[in-house]
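Next comes protein00.tsv, with TSV, C-alpha atoms and all ligand atoms.
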chain	number	residue	atom	x	y	z
S	1	MET	CA	28.06	-62.32	84.28
S	2	LYS	CA	28.65	-60.76	80.86
S	3	LYS	CA	31.68	-60.54	78.61
S	4	ILE	CA	32.22	-56.82	78.11
S	5	ASN	CA	34.50	-55.66	75.34
S	6	GLU	CA	34.73	-52.07	76.56
S	7	ILE	CA	32.94	-49.37	78.51
S	8	PHE	CA	33.48	-45.78	77.46
S	9	TYR	CA	31.96	-42.32	77.61
S	10	SER	CA	31.51	-40.40	74.38
S	11	ILE	CA	29.08	-38.61	72.10
S	12	GLN	CA	26.60	-40.72	70.14
S	13	GLY	CA	27.78	-40.20	66.58
S	14	GLU	CA	25.00	-41.96	64.64
S	15	GLY	CA	21.26	-41.84	64.11
S	16	PHE	CA	18.53	-40.15	66.14
S	17	PHE	CA	20.61	-39.37	69.22
S	18	THR	CA	23.57	-37.92	67.32
S	19	GLY	CA	25.34	-35.42	69.53
S	20	THR	CA	24.04	-36.89	72.80
S	21	PRO	CA	26.62	-37.65	75.50
S	22	ALA	CA	26.24	-41.31	76.43
S	23	VAL	CA	27.91	-44.17	78.22
S	24	PHE	CA	28.57	-47.11	75.89
S	25	VAL	CA	28.71	-50.71	77.09
S	26	ARG	CA	30.04	-52.85	74.29
S	27	PHE	CA	29.37	-56.59	74.60
S	28	SER	CA	31.75	-59.13	73.09
S	29	GLY	CA	30.29	-61.71	70.73
S	30	CYS	CA	27.94	-61.67	67.78
S	31	ASN	CA	25.89	-64.18	65.81
S	32	LEU	CA	26.88	-62.55	62.48
S	33	SER	CA	30.28	-61.92	60.93
S	34	CYS	CA	30.16	-58.82	58.76
S	35	ASP	CA	33.21	-57.92	56.66
S	36	PHE	CA	33.25	-54.36	57.96
S	37	CYS	CA	32.91	-55.28	61.65
S	38	ASP	CA	35.33	-53.38	63.86
S	39	THR	CA	34.65	-55.18	67.17
S	40	GLN	CA	37.35	-57.52	68.54
S	41	HIS	CA	34.91	-60.21	69.65
S	42	GLN	CA	37.55	-62.39	71.30
S	43	GLU	CA	38.59	-59.67	73.72
S	44	GLY	CA	36.66	-58.74	76.82
S	45	GLU	CA	36.34	-58.84	80.57
S	46	ILE	CA	33.77	-60.94	82.43
S	47	MET	CA	31.78	-58.52	84.57
S	48	SER	CA	28.75	-58.64	86.85
S	49	ARG	CA	26.02	-56.01	86.45
S	50	GLU	CA	27.24	-54.44	89.69
S	51	GLU	CA	30.75	-54.12	88.26
S	52	ILE	CA	29.32	-52.59	85.07
S	53	PHE	CA	27.31	-50.15	87.19
S	54	GLU	CA	30.40	-49.19	89.16
S	55	LYS	CA	32.17	-48.24	85.93
S	56	ILE	CA	29.33	-46.42	84.20
S	57	SER	CA	28.47	-44.40	87.31
S	58	LEU	CA	31.83	-42.64	87.01
S	59	TYR	CA	30.28	-40.63	84.15
S	60	PRO	CA	27.62	-37.92	84.47
S	61	SER	CA	25.34	-39.02	81.59
S	62	LYS	CA	22.29	-41.18	82.30
S	63	HIS	CA	21.99	-42.25	78.65
S	64	LEU	CA	23.26	-45.80	78.50
S	65	ILE	CA	23.85	-47.56	75.19
S	66	PHE	CA	24.21	-51.33	74.94
S	67	THR	CA	26.12	-52.06	71.78
S	68	GLY	CA	28.32	-54.79	70.43
S	69	GLY	CA	28.74	-57.29	69.22
S	70	GLU	CA	25.10	-58.22	69.51
S	71	PRO	CA	23.87	-57.18	72.97
S	72	GLY	CA	20.50	-58.85	72.35
S	73	LEU	CA	22.20	-62.23	72.81
S	74	PHE	CA	23.23	-61.42	76.34
S	75	ILE	CA	20.57	-59.33	78.08
S	76	ASP	CA	17.18	-59.96	79.63
S	77	ALA	CA	14.50	-57.78	81.22
S	78	GLY	CA	16.05	-58.14	84.70
S	79	PHE	CA	19.41	-56.91	83.46
S	80	VAL	CA	17.80	-53.90	81.73
S	81	GLN	CA	15.65	-53.09	84.78
S	82	PHE	CA	18.66	-53.07	87.07
S	83	PHE	CA	20.02	-50.06	85.17
S	84	LYS	CA	16.62	-48.43	84.70
S	85	ASN	CA	16.13	-48.56	88.46
S	86	ALA	CA	19.37	-46.60	88.76
S	87	GLY	CA	17.87	-43.87	86.58
S	88	TYR	CA	19.31	-44.76	83.20
S	89	PHE	CA	17.65	-44.33	79.82
S	90	ILE	CA	18.44	-47.56	77.99
S	91	GLN	CA	19.21	-47.59	74.28
S	92	ILE	CA	20.23	-50.74	72.46
S	93	GLU	CA	22.00	-51.01	69.13
S	94	THR	CA	21.02	-54.37	67.68
S	95	ASN	CA	21.35	-56.24	64.41
S	96	GLY	CA	17.70	-57.28	64.84
S	97	THR	CA	18.26	-61.04	64.88
S	98	CYS	CA	17.09	-61.64	68.47
S	99	ARG	CA	13.92	-61.04	70.45
S	100	LEU	CA	14.57	-58.23	72.92
S	101	PRO	CA	13.33	-57.45	76.44
S	102	LYS	CA	10.24	-55.22	76.39
S	103	ASN	CA	11.55	-52.66	78.88
S	104	ILE	CA	14.26	-51.14	76.67
S	105	ASP	CA	13.62	-47.40	76.16
S	106	TRP	CA	14.97	-47.05	72.62
S	107	ILE	CA	15.77	-49.73	70.06
S	108	THR	CA	18.08	-48.87	67.20
S	109	CYS	CA	17.93	-51.70	64.70
S	110	SER	CA	20.81	-51.89	62.25
S	111	PRO	CA	20.02	-54.99	60.17
S	112	LYS	CA	22.61	-56.92	58.19
S	113	GLU	CA	21.00	-60.32	57.55
S	114	ASN	CA	18.48	-62.72	59.15
S	115	LEU	CA	16.30	-59.86	60.39
S	116	LEU	CA	13.83	-61.10	62.99
S	117	LEU	CA	12.55	-57.85	64.50
S	118	GLU	CA	9.60	-56.23	62.74
S	119	GLU	CA	9.71	-52.94	64.59
S	120	ALA	CA	12.09	-50.61	66.39
S	121	ASP	CA	12.20	-46.97	67.37
S	122	GLU	CA	14.86	-46.35	64.78
S	123	LEU	CA	15.97	-48.24	61.69
S	124	LYS	CA	19.57	-47.52	60.69
S	125	VAL	CA	20.87	-49.15	57.54
S	126	ILE	CA	24.42	-49.10	56.25
S	127	TYR	CA	24.00	-48.48	52.54
S	128	THR	CA	25.98	-50.59	50.11
S	129	GLY	CA	23.62	-50.21	47.17
S	130	GLN	CA	21.26	-52.98	48.34
S	131	ASP	CA	17.51	-53.11	47.70
S	132	LEU	CA	15.92	-51.14	50.54
S	133	SER	CA	12.35	-52.05	49.62
S	134	VAL	CA	12.73	-55.06	51.97
S	135	PHE	CA	12.28	-52.58	54.83
S	136	LYS	CA	9.03	-51.18	53.43
S	137	ASN	CA	6.90	-52.81	56.13
S	138	PHE	CA	9.37	-52.44	58.97
S	139	ASN	CA	7.72	-50.35	61.65
S	140	ALA	CA	10.06	-47.56	62.83
S	141	SER	CA	9.43	-43.93	63.70
S	142	CYS	CA	12.61	-42.87	61.91
S	143	ARG	CA	14.78	-44.37	59.18
S	144	TYR	CA	18.44	-43.55	58.73
S	145	LEU	CA	20.73	-44.43	55.90
S	146	GLN	CA	24.42	-44.42	56.63
S	147	PRO	CA	27.39	-44.46	54.27
S	148	CYS	CA	29.57	-47.58	54.54
S	149	SER	CA	32.78	-46.55	56.34
S	150	MET	CA	32.20	-43.00	55.03
S	151	LYS	CA	33.14	-44.11	51.51
S	152	ASN	CA	29.90	-43.73	49.53
S	153	THR	CA	28.36	-40.61	51.07
S	154	GLU	CA	27.47	-39.11	47.68
S	155	LYS	CA	25.47	-42.21	46.67
S	156	VAL	CA	23.65	-42.21	50.00
S	157	VAL	CA	22.75	-38.53	49.64
S	158	ASP	CA	21.48	-39.13	46.09
S	159	TYR	CA	19.35	-42.05	47.30
S	160	ILE	CA	17.86	-40.06	50.17
S	161	LYS	CA	16.97	-37.15	47.91
S	162	LEU	CA	14.97	-39.57	45.77
S	163	HIS	CA	13.50	-41.43	48.79
S	164	PRO	CA	12.80	-38.77	51.41
S	165	GLN	CA	11.46	-41.21	53.99
S	166	TRP	CA	15.16	-41.82	54.79
S	167	ARG	CA	17.46	-39.43	56.62
S	168	LEU	CA	21.23	-39.23	56.50
S	169	SER	CA	23.28	-40.59	59.40
S	170	VAL	CA	26.98	-39.90	59.32
S	171	GLN	CA	29.49	-41.26	61.80
S	172	LEU	CA	30.00	-37.88	63.46
S	173	HIS	CA	32.58	-39.25	65.91
S	174	LYS	CA	34.74	-40.44	62.99
S	175	LEU	CA	34.19	-37.23	61.01
S	176	LEU	CA	35.24	-35.03	63.92
S	177	ASP	CA	37.70	-37.54	65.40
S	178	ILE	CA	35.86	-37.62	68.73
S	179	PRO	CA	37.31	-40.32	71.02
O	1	LIG	S1	26.22	-57.43	63.29
O	1	LIG	FE1	27.49	-55.73	64.01
O	1	LIG	S2	28.71	-56.60	65.67
O	1	LIG	FE2	27.85	-58.33	64.52
O	1	LIG	S3	29.46	-58.87	63.05
O	1	LIG	FE3	28.05	-57.44	62.03
O	1	LIG	S4	28.96	-55.41	62.37
O	1	LIG	FE4	29.92	-56.81	63.83
As structure tokens - that is how I would like this structure written.
Ligand code: SF4
Amino acid sequence: MKKINEIFYSIQGEGFFTGTPAVFVRFSGCNLSCDFCDTQHQEGEIMSREEIFEKISLYPSKHLIFTGGEPGLFIDAGFVQFFKNAGYFIQIETNGTCRLPKNIDWITCSPKENLLLEEADELKVIYTGQDLSVFKNFNASCRYLQPCSMKNTEKVVDYIKLHPQWRLSVQLHKLLDIP
């Protein structure tokens, strides 16, 4: 049984899969407490994987995104496989502080502190002016830099132009007011 904050169908607004219709399963609970966090970690409904499946199967997309909170705290390979067996492509959005099951299709690592992962498919960093050289040896096929709450876009663009190994990720859903 998992504590699920919300399940919703939308367009991925960030990173590599920007623009992709996807079903989001947001877990309640995190091992960090970032100032800018917008998840209500106290709220949520206890659900079995069958109940989660019942809800997500109402939507036509087979792109499933586990987000949070920190979903890595709550899932294992059996949980992931249950949804893969139903035909889903599994993406996780993680803060990178936990070891993850090996059968996840796409890992988006968005580190804040205490980074444990050394590789992911995608590294997505919220830029607040911090030293990004700490990610020099992080193994990821693509690296995204994202403005913090859309407030410092100009600085992010300037940084990327000087460091072209990074790409810009904007929160498209916020920009276009997509629910
Ligand atoms: S890691 Fe993510 S979910 Fe956890 S507190 Fe920070 S912003 Fe919120």
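Remark: for ligand LIG 1 (chain O), the closest of the candidate residues S:Leu58, S:Ile52, S:Leu168, S:Leu73 is S:Leu73 (distances computed over all atoms listed in the file).
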task: Tell me, as a list in words, which residues lie within 10 Å of Phe16 (chain S), counting all atoms listed in the file; anything in the same chain fewer than 4 positions away does not count.
output: Gln12, Thr20, Thr108, Asp121, Glu122, Leu123, Lys124, Cys142, Arg143, Tyr144, Arg167 and Ser169 of chain S
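CA of Phe53 (chain S) is positioned 27.1 Å from CA of Lys174 (chain S).
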- request: Enumerate as JSON, numbers by chain the residues within 10 Å of ligand LIG 1 (chain O), counting only C-alpha atoms and all ligand atoms.
  value: {"S": [26, 27, 28, 29, 30, 31, 32, 33, 34, 35, 36, 37, 38, 39, 40, 41, 67, 68, 69, 70, 71, 93, 94, 95, 96, 97, 110, 111, 112, 113, 126]}
- prompt: Just how far from CA of Ile46 (chain S) is CA of Val80 (chain S), in Å to one decimal?
  reply: 17.5 Å
- prompt: Could you pull the residues within 10 Å of Ser149 (chain S), counting all atoms listed in the file, minus those fewer than 2 positions along the same chain, as an NGL selection string?
  reply: :S and (36 or 126-127 or 146-147 or 151-153 or 170-171 or 174)
message: Let me make sure I understand: among S:Asn114, S:Ile56, S:Phe74, S:Gly129, which one has the smallest atom-to-atom distance to Ala86 (chain S) if we use all atoms listed in the file?
response: S:Ile56
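CA of Thr128 (chain S) lies 11.0 Å from CA of Met150 (chain S).
For the residues S:Asn139, S:Asn85, S:Thr18, S:Gln130, ranking by smallest atom-to-atom distance to Val156 (chain S) using only C-alpha atoms places S:Gln130 first.
The shortest atom-to-atom distance to Phe66 (chain S), with only C-alpha atoms taken into account, belongs to S:Ile7 out of S:Cys98, S:Leu172, S:Ile7, S:Leu162.
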message: Quick one: residues within 9 Å of Leu100 (chain S), all atoms listed in the file, excluding same-chain residues fewer than 2 positions away - as a list of chain:residue names?
response: S:Gly72, S:Leu73, S:Ile75, S:Asp76, S:Ala77, S:Gly96, S:Cys98, S:Lys102, S:Asn103, S:Ile104, S:Leu117
